[in-house]
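*Asks:* This is the structure I have questions about; it appears just below.
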Amino acid sequence: MNNARRKPRRWSLQREWSRVFTMMLVALMAGAAITIVGVRFVVNGMEDAAMRLQVEYASVAGLSEALEAHERSGYRLLAAASPERGAFSQGQAEVGRLFEAAAAAGPDDAGRLAALERARQRWQTGMEQAGLWNGAGSSPAGSQGPALLAETGADVRSQLAAVQQSSLQALDSGLVDTRAMERLISAGRLGLFVVAIGATLYFRRRMTVHLTRPLNALRQGVMKLQSGDYTHRLPVARSDELGEVTAAFNKMASALQESHTALTYRATHDELTGLGNRAALAERLAAPVDPDTSTREGLLFIDIDDFKEVNDSLGHEGGDALLVQLGHRLRDCVGADNLVVRLGGDEFAVVVADDGGTTAGTERIAGRINTALNEPFVVSGRTLWISLSMGVAQRTAETADVTELLRQADSAMYRAKLGGKARFEVHGT
């Protein structure tokens with residue numbers, strides 16, 4: 001039934017911190033995924049660029065070697081008309097095939113293809129000028145044939161070197177793209193790191209405000225309760241699990257305070273009349289006597305005369321009603337600084353502040369009480385007149401003990417009874 005009436009909480013520490021850890025896990029997984037994908041992309045880019053360079057460079061290098069070998073064969077043909085024309089023609093055909101293979105080996109780069117085509121045309125033109133195209137053995141240029149062949153070889157190799165340089169530049173371009181991706185990955189990782197730092201600081205503050213501080217407050221509250229401070233209450237920070245614990249703590253502290261107040265009241269008050277009891281009297285008289293002041297406390301010990309007859313005629317309930325009414329009259333007869341207690345049965349006591357080291361103040365209160373008894377009491381519809389026997393004792397350094405002071409006042413009260421009742425006597429007179 002209490003659960004049905006409980007106000008639903010607006011927040012939940014369990015849900016909130018579950019979300020926090022979920023977000024942290026997602027951020028870690030995202031960072032790991034970015035790193036893996038980025039590294040894989042970079043590695044693939046570098047592998048592709050290296051493989052492309054290897055193929056392009058190897059094809060052009062093979063072509064250059066074949067051209068050098070073919071050039072050497074051409075020198076031999078021009079010099080001695082060596083019977084190598086068939087092999088030379090095959091070599092020339094092989095060089096042409098290698099030009100085609102080099103063009104097909106690289107990417108579809110118009111600049112590279114155009115450079116290879118210019119080199120091939122320069123090679124064919126040189127071969128024709130030297131009279132070596134298709135295996136011819138006579139040189140239209142005569143003695144200039146070897147020089148033309150050498151010039152052709154140098155030009156073609158220079159152009160092929162430019163093609164190889166273009167391949168290296170393409171590799172650099174690929175690496176530049178890879179570095180750009182690397183920077184992008186680094187930026188992404190840095191962004192995640194900044195977000196992680198911001199989230200950490202934010203949730204650290206939330207933890208301090210909504211978790212650490214309430215827990216410390218609860219700990220301090222428990223310590224205050226242990227020290228006897230039952231008035232301490234805790235502020236409810238927000239409606240969550242800790243808020244419910246804090247509210248429960250406050251309810252427990254209120255219950256303890258009420259229980260402590262009730263127990264303290266019962267320990268120091270008479271249950272029937274509501275006056276102080278013997279414990280309250282002992283606490284009042286427990287303070288040490290100050291020898292430097294003229295103020296002394298007097299104790300007035302009071303006993304109802306012939307109270308047994310009241311109980312016999314009205315019963316214990318009637319006797320209790322009379323004790324309650326008498327307690328009210330006694331309280332009305334003394335000042336706010338004086339203490340009225342019920343010692344038990346039909347015995348009462350009043351602590352009075354006397355001035356000048358005499359019992360004048362206590363005697364004055366005793367006379368006021370006797371005057372108040374001129375008015376009758378009405379108990380169960382019956383009118384009663386009662387009288388009191390009272391004994392007065394003054395508290396001094398020699399009678400600092402409560403038991404001794406009570407003994408002296410009680411002794412004076414019995415003297416009053418023996419002297420005829422309805423009067424008071426002062427101890428030591």
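Following the order of the structure tokens, chains are lettered A, B, ..., residues in each are numbered from 1, and ligands are numbered from 1.
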So that I can check the secondary structure, give me every residue of region 279-343 of chain A assigned strand (DSSP E) by backbone DSSP, as a list in words.

*Replies:*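 Strand (DSSP E) assignments inside region 279-343 of chain A correspond to Arg296, Glu297, Gly298, Leu299, Leu300, Phe301, Ile302, Asp303, Ile304, Leu339, Val340, Val341, Arg342 and Leu343 of chain A.
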
*Asks:* Mind writing the picked residues with all heavy atoms as a compact mmCIF listing (two decimals), in the first residue's frame?

*Replies:*
```
# COMPACT_ATOMS: atom_id res chain seq x y z
N ARG A 296 21.51 31.28 47.14
CA ARG A 296 21.47 29.87 47.54
C ARG A 296 20.13 29.27 47.13
O ARG A 296 19.11 29.98 47.04
CB ARG A 296 21.65 29.74 49.06
CG ARG A 296 23.02 30.14 49.57
CD ARG A 296 24.07 29.10 49.17
NE ARG A 296 25.37 29.44 49.77
CZ ARG A 296 26.28 30.19 49.18
NH1 ARG A 296 26.01 30.70 47.99
NH2 ARG A 296 27.43 30.43 49.76
N GLU A 297 20.13 27.96 46.92
CA GLU A 297 18.89 27.28 46.57
C GLU A 297 18.30 26.63 47.83
O GLU A 297 19.02 25.98 48.61
CB GLU A 297 19.13 26.22 45.51
CG GLU A 297 19.37 26.80 44.13
CD GLU A 297 19.56 25.74 43.07
OE1 GLU A 297 20.12 24.67 43.41
OE2 GLU A 297 19.16 25.99 41.92
N GLY A 298 17.00 26.83 47.99
CA GLY A 298 16.30 26.20 49.10
C GLY A 298 15.41 25.08 48.58
O GLY A 298 14.86 25.17 47.48
N LEU A 299 15.28 24.02 49.37
CA LEU A 299 14.45 22.88 48.99
C LEU A 299 13.27 22.79 49.93
O LEU A 299 13.43 22.76 51.17
CB LEU A 299 15.26 21.59 49.07
CG LEU A 299 14.50 20.31 48.73
CD1 LEU A 299 14.01 20.35 47.27
CD2 LEU A 299 15.37 19.08 48.96
N LEU A 300 12.08 22.77 49.34
CA LEU A 300 10.83 22.67 50.09
C LEU A 300 10.26 21.28 49.89
O LEU A 300 9.88 20.91 48.78
CB LEU A 300 9.85 23.74 49.62
CG LEU A 300 8.52 23.84 50.35
CD1 LEU A 300 8.73 24.20 51.84
CD2 LEU A 300 7.62 24.89 49.70
N PHE A 301 10.23 20.49 50.96
CA PHE A 301 9.73 19.12 50.89
C PHE A 301 8.27 19.14 51.35
O PHE A 301 7.96 19.64 52.44
CB PHE A 301 10.55 18.21 51.81
CG PHE A 301 10.37 16.75 51.55
CD1 PHE A 301 11.29 16.04 50.79
CD2 PHE A 301 9.27 16.07 52.06
CE1 PHE A 301 11.12 14.69 50.57
CE2 PHE A 301 9.09 14.73 51.83
CZ PHE A 301 10.02 14.02 51.06
N ILE A 302 7.33 18.59 50.55
CA ILE A 302 5.89 18.71 50.80
C ILE A 302 5.27 17.32 50.90
O ILE A 302 5.55 16.44 50.08
CB ILE A 302 5.21 19.50 49.66
CG1 ILE A 302 5.85 20.89 49.51
CG2 ILE A 302 3.71 19.61 49.88
CD1 ILE A 302 5.37 21.64 48.30
N ASP A 303 4.39 17.14 51.89
CA ASP A 303 3.65 15.89 52.05
C ASP A 303 2.20 16.24 52.40
O ASP A 303 1.93 17.14 53.20
CB ASP A 303 4.26 15.04 53.17
CG ASP A 303 3.60 13.69 53.29
OD1 ASP A 303 3.98 12.78 52.53
OD2 ASP A 303 2.69 13.56 54.14
N ILE A 304 1.25 15.52 51.76
CA ILE A 304 -0.18 15.77 52.02
C ILE A 304 -0.56 15.13 53.36
O ILE A 304 -0.28 13.95 53.60
CB ILE A 304 -1.05 15.19 50.89
CG1 ILE A 304 -0.66 15.81 49.54
CG2 ILE A 304 -2.53 15.43 51.17
CD1 ILE A 304 -1.41 15.23 48.36
N LEU A 339 11.55 25.12 40.50
CA LEU A 339 11.22 23.80 39.97
C LEU A 339 10.29 23.08 40.93
O LEU A 339 10.55 23.00 42.14
CB LEU A 339 12.49 22.97 39.78
CG LEU A 339 12.30 21.51 39.36
CD1 LEU A 339 11.72 21.44 37.95
CD2 LEU A 339 13.63 20.75 39.44
N VAL A 340 9.18 22.54 40.40
CA VAL A 340 8.24 21.73 41.18
C VAL A 340 8.34 20.30 40.68
O VAL A 340 8.23 20.05 39.47
CB VAL A 340 6.80 22.24 41.02
CG1 VAL A 340 5.84 21.39 41.86
CG2 VAL A 340 6.70 23.69 41.42
N VAL A 341 8.53 19.34 41.60
CA VAL A 341 8.64 17.94 41.21
C VAL A 341 7.75 17.10 42.12
O VAL A 341 7.42 17.51 43.25
CB VAL A 341 10.10 17.43 41.30
CG1 VAL A 341 11.01 18.22 40.40
CG2 VAL A 341 10.60 17.45 42.74
N ARG A 342 7.34 15.96 41.60
CA ARG A 342 6.66 14.97 42.43
C ARG A 342 7.66 13.86 42.69
O ARG A 342 8.16 13.22 41.76
CB ARG A 342 5.43 14.42 41.72
CG ARG A 342 4.69 13.38 42.57
CD ARG A 342 3.60 12.70 41.79
NE ARG A 342 2.97 11.64 42.58
CZ ARG A 342 2.44 10.53 42.07
NH1 ARG A 342 2.46 10.34 40.74
NH2 ARG A 342 1.87 9.64 42.85
N LEU A 343 7.94 13.61 43.97
CA LEU A 343 8.92 12.61 44.34
C LEU A 343 8.34 11.21 44.33
O LEU A 343 9.06 10.21 44.20
CB LEU A 343 9.48 12.92 45.74
CG LEU A 343 10.22 14.25 45.86
CD1 LEU A 343 10.64 14.49 47.29
CD2 LEU A 343 11.43 14.28 44.94
```

*Asks:* If you run DSSP on this backbone, which residues of region 153-249 of chain A come out as alpha helix (DSSP H), and could you give them as a PyMOL selection string?

*Replies:* chain A and resi 153-207+213-226+241-249

*Asks:* May I ask for the distance between CA of Ala237 (chain A) and CA of His210 (chain A), given in Å to one decimal place?

*Replies:*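 Separating CA of Ala237 (chain A) from CA of His210 (chain A) is a distance of 7.1 Å.
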
*Asks:* Using only C-alpha atoms, which protein or nucleic acid residues come within 6 Å of region 397-414 of chain A? Drop anything in the same chain fewer than 2 positions from it, and give the result as a ChimeraX atom specification.

*Replies:* /A:289,301,389-393,395,416-417,425-427

*Asks:* Do you know which residues are at most 6 Å from region 60-68 of chain A counting only C-alpha atoms, after dropping those on the same chain fewer than 3 positions away, and could you put them as an NGL selection string?

*Replies:* :A and (57 or 71 or 98 or 102)

*Asks:* Could you save those same residues with C-alpha atoms as a tab-separated table (two decimals), in the first residue's frame?

*Replies:*
```tsv
chain	number	residue	atom	x	y	z
A	57	TYR	CA	58.85	0.80	-63.12
A	71	GLU	CA	71.01	-0.59	-79.90
A	98	LEU	CA	57.50	-4.04	-74.70
A	102	ALA	CA	54.63	-0.68	-70.72
```

*Asks:* For a quick check of understanding, using only C-alpha atoms, which of A:Val20, A:Asp48, A:Ala119, A:Leu149 has the smallest distance to Arg72 (chain A)?

*Replies:*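 Ranking A:Val20, A:Asp48, A:Ala119, A:Leu149 by distance to Arg72 (chain A), first place goes to A:Leu149.
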
*Asks:* Can you list, as a list in words, every protein, DNA or RNA residue that comes within 10 Å of Ala279 (chain A) when you count only C-alpha atoms, leaving out same-chain residues fewer than 5 positions away?

*Replies:*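 Returned residues: Ala267, Thr268, His269, Asp270, Arg284, Leu285, Val341 and Leu343 of chain A.
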
*Asks:* Go ahead and write the selection's residues with all heavy atoms as an mmCIF file, in the first residue's frame.

*Replies:*
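Once everything was written out, this is result_11.cif:
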```cif
data_model
loop_
_atom_site.group_PDB
_atom_site.id
_atom_site.type_symbol
_atom_site.label_atom_id
_atom_site.label_comp_id
_atom_site.auth_asym_id
_atom_site.auth_seq_id
_atom_site.Cartn_x
_atom_site.Cartn_y
_atom_site.Cartn_z
ATOM 1 N N ALA A 267 11.676 10.197 31.318
ATOM 2 C CA ALA A 267 12.751 9.979 32.286
ATOM 3 C C ALA A 267 12.842 11.115 33.300
ATOM 4 O O ALA A 267 13.365 10.913 34.405
ATOM 5 C CB ALA A 267 14.079 9.832 31.557
ATOM 6 N N THR A 268 12.353 12.309 32.954
ATOM 7 C CA THR A 268 12.517 13.468 33.839
ATOM 8 C C THR A 268 11.192 14.041 34.317
ATOM 9 O O THR A 268 11.192 15.077 34.991
ATOM 10 C CB THR A 268 13.306 14.575 33.106
ATOM 11 O OG1 THR A 268 12.613 14.927 31.903
ATOM 12 C CG2 THR A 268 14.710 14.110 32.778
ATOM 13 N N HIS A 269 10.061 13.398 33.989
ATOM 14 C CA HIS A 269 8.757 13.937 34.380
ATOM 15 C C HIS A 269 7.893 12.838 35.001
ATOM 16 O O HIS A 269 8.012 11.652 34.647
ATOM 17 C CB HIS A 269 8.012 14.539 33.176
ATOM 18 C CG HIS A 269 8.610 15.836 32.711
ATOM 19 N ND1 HIS A 269 9.781 15.900 31.991
ATOM 20 C CD2 HIS A 269 8.190 17.131 32.884
ATOM 21 C CE1 HIS A 269 10.073 17.171 31.723
ATOM 22 N NE2 HIS A 269 9.124 17.930 32.254
ATOM 23 N N ASP A 270 7.062 13.294 35.875
ATOM 24 C CA ASP A 270 6.103 12.392 36.506
ATOM 25 C C ASP A 270 4.962 12.125 35.540
ATOM 26 O O ASP A 270 4.376 13.047 34.966
ATOM 27 C CB ASP A 270 5.566 13.024 37.796
ATOM 28 C CG ASP A 270 4.517 12.161 38.449
ATOM 29 O OD1 ASP A 270 4.833 10.992 38.757
ATOM 30 O OD2 ASP A 270 3.390 12.648 38.626
ATOM 31 N N ARG A 284 18.780 19.151 38.580
ATOM 32 C CA ARG A 284 18.778 20.577 38.955
ATOM 33 C C ARG A 284 19.789 20.839 40.079
ATOM 34 O O ARG A 284 20.486 21.851 40.081
ATOM 35 C CB ARG A 284 17.373 20.980 39.388
ATOM 36 C CG ARG A 284 17.259 22.385 39.997
ATOM 37 C CD ARG A 284 17.515 23.469 38.959
ATOM 38 N NE ARG A 284 17.354 24.791 39.538
ATOM 39 C CZ ARG A 284 16.214 25.491 39.492
ATOM 40 N NH1 ARG A 284 15.139 24.975 38.896
ATOM 41 N NH2 ARG A 284 16.150 26.691 40.016
ATOM 42 N N LEU A 285 19.882 19.919 41.012
ATOM 43 C CA LEU A 285 20.767 20.117 42.155
ATOM 44 C C LEU A 285 22.175 19.573 41.934
ATOM 45 O O LEU A 285 22.980 19.553 42.862
ATOM 46 C CB LEU A 285 20.157 19.447 43.397
ATOM 47 C CG LEU A 285 18.801 19.999 43.840
ATOM 48 C CD1 LEU A 285 18.275 19.199 45.026
ATOM 49 C CD2 LEU A 285 18.900 21.481 44.181
ATOM 50 N N VAL A 341 8.532 19.338 41.598
ATOM 51 C CA VAL A 341 8.642 17.935 41.209
ATOM 52 C C VAL A 341 7.748 17.103 42.124
ATOM 53 O O VAL A 341 7.417 17.507 43.254
ATOM 54 C CB VAL A 341 10.098 17.433 41.304
ATOM 55 C CG1 VAL A 341 11.006 18.224 40.396
ATOM 56 C CG2 VAL A 341 10.598 17.447 42.743
ATOM 57 N N LEU A 343 7.940 13.609 43.971
ATOM 58 C CA LEU A 343 8.925 12.605 44.341
ATOM 59 C C LEU A 343 8.338 11.208 44.330
ATOM 60 O O LEU A 343 9.060 10.212 44.205
ATOM 61 C CB LEU A 343 9.482 12.919 45.738
ATOM 62 C CG LEU A 343 10.223 14.253 45.857
ATOM 63 C CD1 LEU A 343 10.644 14.486 47.293
ATOM 64 C CD2 LEU A 343 11.428 14.283 44.935
#
```

*Asks:* Excluding His70 (chain A) and residues on its chain fewer than 6 positions from it, collect all residues at most 12 Å away from it, counting only C-alpha atoms, and give them as a PyMOL selection string.

*Replies:* chain A and resi 63-64+76-77+84-85+87-96+123+127+132-133+135+149-150+152-153

*Asks:* Between CA of Pro376 (chain A) and CA of Val351 (chain A), what distance in Å does the model show, to one decimal?

*Replies:* 25.0 Å

*Asks:* Choose the residue, out of A:Thr246, A:Gln257, A:Thr396, A:Asn311, that has the smallest atom-to-atom separation from Ala217 (chain A); count only C-alpha atoms.

*Replies:*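 Among the listed residues, A:Thr246 lies closest to Ala217 (chain A).
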
*Asks:* Taking into account only C-alpha atoms, which residue in the set A:Ser227, A:Thr371, A:Gln144, A:Asn250 is nearest to Gly131 (chain A)?

*Replies:*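 Selected residue with least distance to Gly131 (chain A): A:Gln144.
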
*Asks:* To one decimal place in Å, what is the distance between CA of Ala422 (chain A) and CA of Ser387 (chain A)?

*Replies:* 5.0 Å

*Asks:* Looking at only C-alpha atoms, which of A:Thr264, A:Arg189, A:Ala366, A:Asp337 is the one that sits closest to Ile36 (chain A)?

*Replies:*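 Distance minimum relative to Ile36 (chain A) lands on A:Arg189.
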
*Asks:* Taking into account only C-alpha atoms, which residue in the set A:Val236, A:Leu272, A:Leu418, A:Ala321 is nearest to Asp305 (chain A)?

*Replies:* A:Leu418

*Asks:* Env of Val195 (chain A): 12 Å cut, atoms = only C-alpha atoms, seq-sep filter 4 positions within chain, self excluded. Answer as number ranges by chain.

*Replies:* A: 23-24, 27-28, 31, 188-191, 199-203
